[in-house]
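Working notes, beginning with the structure itself.
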Amino acid sequence: MNKYSIAIHGGAGTLVKGMMTSEKEQAYKSSLEIALNAGYEILNHGGSAVDAVEKAVRLLEDSPLFNAGKGSVFNASGEHEMDASIMDGSNLKAGAVSMIQGIKNPITLAKDVMQKSEHVFLAGNGAMEFARAHEHVFEEASYFHDDFRHDQWQKIKDTDNFQLDHSDKIDSKFGTVGAVACDQNGNIAAATSTGGMTNKRFGRVGDSPMIGAGNYANNKTCAVSCTGSGEYFIKGVVAYDVACLIEHKGMSLEAAASEVIHRRLLEINGDGGLIAINTKAEISMPFNTEGMYRACKASNGEELIAIYGG
Ligand code: GLY
């Protein structure tokens, strides 16, 4: 039996110790723990990496604490517009959705695009039509309303500013949730979901639904889920860049992930982080911000739930 493991993230940003109350810190940690354990249990029972990452991300989407699903930020129209993608490293199948509204679990819609359509990426009305055809759960706008997110939006609405989540510095807030897993058969998968950026306009789409930018999986190299300012992750083709360094330069998972986050992304002024895994169930979770909500668990007993750097 292959060693198996899972890693998840709930976004990166200026997360500095002492910035939030210990109750809030505990709430974040227990939400991470619930999602981590649910994904891990699927692996423990011989389930697939794809099912494990979908489950973990669904639970993070259901939490109001993270910028995805229920906790999604407000766009410039005061609505919630979500993006998600998933990829199966065993066969390179992928599914992605963008600019969707009212759907409770965008990651499950992305999985259905991967498994039940001939396509990879559905956006806007077409993605919504596909969701209705496959009987996805829709929620009213009130389900996605959160006073904290609403306040964030009120501060910058009617301006040209847009911002990510998880900080009080206006331009360094990185939402998004994600998971990567390696199952008992040695297959890997990645899933990423986000509400994008507060006050986003013009049909703005970030890196999270873009295969190769915010999400990627290939058994030959690694599975990666990113979090950060999407524009830089798109320009750096970050998730695929990690895979390329492993495939073409023979780098280890840790070295490749670190090179991309700590050097190549910084060179283009991008900040954020990623989680990565390979078929040996090794995990890397680098970030170049002060913190990143993250957790991982492996069949050899290793486990971590953390927020801050250093
Ligand atoms: N990384 C999430 C976004 O930029 O939308």
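Chain labels run A, B, ... following the order of the structure tokens; each chain numbers its residues from 1, and ligands are numbered from 1 in the order shown.
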message = Which residues are near ligand 1 - at most 10 Å, using only C-alpha atoms and all ligand atoms? Format: as number ranges by chain.
response = A: 11-12, 67-68, 82-84, 163-165, 173-177, 192-198, 200, 204-209, 213-214, 225-234, 272-273
DSSP-assigned alpha helix (DSSP H) among region 64-163 of chain A, expressed as a compact mmCIF listing (two decimals) with N, CA, C and O atoms, in the first residue's frame:
# COMPACT_ATOMS: atom_id res chain seq x y z
N PRO A 106 -19.27 25.12 -5.20
CA PRO A 106 -18.66 25.26 -6.52
C PRO A 106 -17.70 24.12 -6.87
O PRO A 106 -17.59 23.73 -8.04
N ILE A 107 -17.01 23.56 -5.86
CA ILE A 107 -16.03 22.51 -6.18
C ILE A 107 -16.71 21.24 -6.71
O ILE A 107 -16.17 20.54 -7.58
N THR A 108 -17.93 20.98 -6.21
CA THR A 108 -18.65 19.80 -6.69
C THR A 108 -19.15 20.02 -8.12
O THR A 108 -19.19 19.09 -8.93
N LEU A 109 -19.47 21.27 -8.43
CA LEU A 109 -19.85 21.59 -9.81
C LEU A 109 -18.63 21.39 -10.73
O LEU A 109 -18.76 20.81 -11.81
N ALA A 110 -17.46 21.85 -10.27
CA ALA A 110 -16.24 21.65 -11.08
C ALA A 110 -15.98 20.16 -11.28
O ALA A 110 -15.60 19.71 -12.38
N LYS A 111 -16.22 19.36 -10.23
CA LYS A 111 -16.00 17.91 -10.34
C LYS A 111 -16.98 17.31 -11.36
O LYS A 111 -16.62 16.43 -12.14
N ASP A 112 -18.23 17.79 -11.35
CA ASP A 112 -19.19 17.29 -12.33
C ASP A 112 -18.81 17.69 -13.75
O ASP A 112 -19.02 16.92 -14.70
N VAL A 113 -18.26 18.89 -13.91
CA VAL A 113 -17.78 19.28 -15.25
C VAL A 113 -16.71 18.30 -15.70
O VAL A 113 -16.69 17.83 -16.84
N MET A 114 -15.83 17.93 -14.77
CA MET A 114 -14.75 16.99 -15.09
C MET A 114 -15.30 15.60 -15.43
O MET A 114 -14.85 14.97 -16.39
N GLN A 115 -16.26 15.14 -14.65
CA GLN A 115 -16.69 13.74 -14.77
C GLN A 115 -17.92 13.53 -15.64
O GLN A 115 -18.16 12.42 -16.12
N LYS A 116 -18.73 14.59 -15.82
CA LYS A 116 -20.01 14.38 -16.52
C LYS A 116 -20.17 15.23 -17.77
O LYS A 116 -21.27 15.33 -18.30
N GLY A 124 -20.03 31.42 -16.22
CA GLY A 124 -21.24 32.25 -16.25
C GLY A 124 -22.53 31.46 -16.43
O GLY A 124 -22.74 30.42 -15.80
N ASN A 125 -23.41 31.99 -17.30
CA ASN A 125 -24.74 31.39 -17.46
C ASN A 125 -24.68 29.93 -17.88
O ASN A 125 -25.52 29.13 -17.47
N GLY A 126 -23.72 29.60 -18.72
CA GLY A 126 -23.60 28.21 -19.18
C GLY A 126 -23.29 27.28 -18.01
O GLY A 126 -23.85 26.17 -17.91
N ALA A 127 -22.40 27.71 -17.13
CA ALA A 127 -22.05 26.89 -15.95
C ALA A 127 -23.27 26.75 -15.05
O ALA A 127 -23.53 25.67 -14.48
N MET A 128 -24.06 27.83 -14.95
CA MET A 128 -25.26 27.78 -14.11
C MET A 128 -26.30 26.83 -14.70
O MET A 128 -26.96 26.08 -13.98
N GLU A 129 -26.42 26.85 -16.02
CA GLU A 129 -27.36 25.95 -16.71
C GLU A 129 -26.93 24.49 -16.47
O GLU A 129 -27.76 23.62 -16.20
N PHE A 130 -25.63 24.25 -16.57
CA PHE A 130 -25.09 22.90 -16.31
C PHE A 130 -25.39 22.49 -14.87
O PHE A 130 -25.76 21.34 -14.60
N ALA A 131 -25.26 23.45 -13.93
CA ALA A 131 -25.52 23.14 -12.51
C ALA A 131 -26.98 22.75 -12.31
O ALA A 131 -27.28 21.80 -11.58
N ARG A 132 -27.89 23.49 -12.97
CA ARG A 132 -29.32 23.15 -12.83
C ARG A 132 -29.60 21.79 -13.45
O ARG A 132 -30.31 20.97 -12.87
N ALA A 133 -28.98 21.51 -14.59
CA ALA A 133 -29.21 20.22 -15.27
C ALA A 133 -28.73 19.07 -14.40
O ALA A 133 -29.27 17.96 -14.47
N ALA A 141 -29.25 34.52 -1.66
CA ALA A 141 -28.15 35.46 -1.37
C ALA A 141 -27.89 35.56 0.14
O ALA A 141 -26.74 35.73 0.57
N SER A 142 -28.94 35.41 0.95
CA SER A 142 -28.77 35.55 2.40
C SER A 142 -27.83 34.48 2.97
O SER A 142 -27.14 34.72 3.96
N TYR A 143 -27.78 33.31 2.33
CA TYR A 143 -26.88 32.24 2.80
C TYR A 143 -25.42 32.70 2.73
O TYR A 143 -24.61 32.36 3.60
N PHE A 144 -25.09 33.49 1.71
CA PHE A 144 -23.70 33.92 1.50
C PHE A 144 -23.37 35.22 2.24
O PHE A 144 -22.22 35.65 2.23
N ASP A 147 -21.48 39.56 7.78
CA ASP A 147 -21.31 40.97 8.14
C ASP A 147 -19.87 41.45 7.96
O ASP A 147 -19.62 42.56 7.50
N PHE A 148 -18.91 40.58 8.31
CA PHE A 148 -17.49 40.95 8.20
C PHE A 148 -17.13 41.23 6.73
O PHE A 148 -16.50 42.24 6.40
N ARG A 149 -17.54 40.31 5.86
CA ARG A 149 -17.26 40.50 4.42
C ARG A 149 -17.97 41.73 3.89
O ARG A 149 -17.45 42.45 3.05
N HIS A 150 -19.20 41.96 4.38
CA HIS A 150 -19.98 43.11 3.92
C HIS A 150 -19.28 44.41 4.32
O HIS A 150 -19.17 45.34 3.51
N ASP A 151 -18.74 44.44 5.55
CA ASP A 151 -18.00 45.62 6.00
C ASP A 151 -16.76 45.85 5.14
O ASP A 151 -16.43 46.99 4.79
N GLN A 152 -16.06 44.74 4.80
CA GLN A 152 -14.87 44.86 3.94
C GLN A 152 -15.26 45.54 2.63
O GLN A 152 -14.56 46.41 2.13
N TRP A 153 -16.40 45.11 2.08
CA TRP A 153 -16.85 45.65 0.80
C TRP A 153 -17.27 47.11 0.93
O TRP A 153 -16.93 47.94 0.10
N GLN A 154 -18.00 47.42 2.03
CA GLN A 154 -18.49 48.80 2.22
C GLN A 154 -17.34 49.79 2.22
O GLN A 154 -17.49 50.91 1.74
N LYS A 155 -16.17 49.36 2.76
CA LYS A 155 -15.03 50.28 2.87
C LYS A 155 -14.48 50.68 1.51
O LYS A 155 -13.84 51.71 1.38
N ILE A 156 -14.66 49.83 0.49
CA ILE A 156 -14.03 50.16 -0.81
C ILE A 156 -15.02 50.21 -1.97
O ILE A 156 -14.64 50.49 -3.10
inquiry  = Show me, as JSON, numbers by chain, the residues that have an atom within 9 Å of region 36-52 of chain A when counting only C-alpha atoms, minus same-chain residues fewer than 6 positions from it.
reply    = {"A": [4, 5, 6, 7, 8, 59, 86, 87, 88, 89, 111, 179, 180, 181, 182, 183, 184, 185, 186, 187, 188, 189, 190, 191, 295, 296, 297, 298, 299]}
query = Taking only C-alpha atoms into account, which of A:Val53, A:His119, A:Gly10, A:Leu15 comes nearest Gly71 (chain A)?
reply = A:Gly10
key: Two-atom distance - CA of Asn219 (chain A), CA of Gly69 (chain A) (Å)   =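 Separation of CA of Asn219 (chain A) and CA of Gly69 (chain A): 28.1 Å.
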key: For Ser63 (chain A): contacts at 10 Å, only C-alpha atoms, fewer than 6 positions along chain excluded, given as a ChimeraX atom specification   = /A:28,31-32,35,57,69-72
request  = Using only C-alpha atoms, pick whichever of A:Phe202, A:His136, A:Gly178, A:Gln101 has the shortest atom-to-atom distance to Ala56 (chain A).
outcome  =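 Of A:Phe202, A:His136, A:Gly178, A:Gln101, the one nearest Ala56 (chain A), counting only C-alpha atoms, is A:Gly178.
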inquiry  = When you look at Val137 (chain A) with a cut-off of 9 Å (counting only C-alpha atoms), what residues show up, excluding the ones that are within fewer than 6 positions of it in the same chain? I need them as an NGL selection string.
reply    = :A and (102-105 or 131)
task = Using DSSP on the backbone coordinates, identify all residues within region 55-286 of chain A classified as strand (DSSP E or B); present the result as a PyMOL selection string.
result = chain A and resi 82-88+93-100+103+121-123+138+163+173+177-182+188-194+198+211+215-217+223-228+272-277+283-284
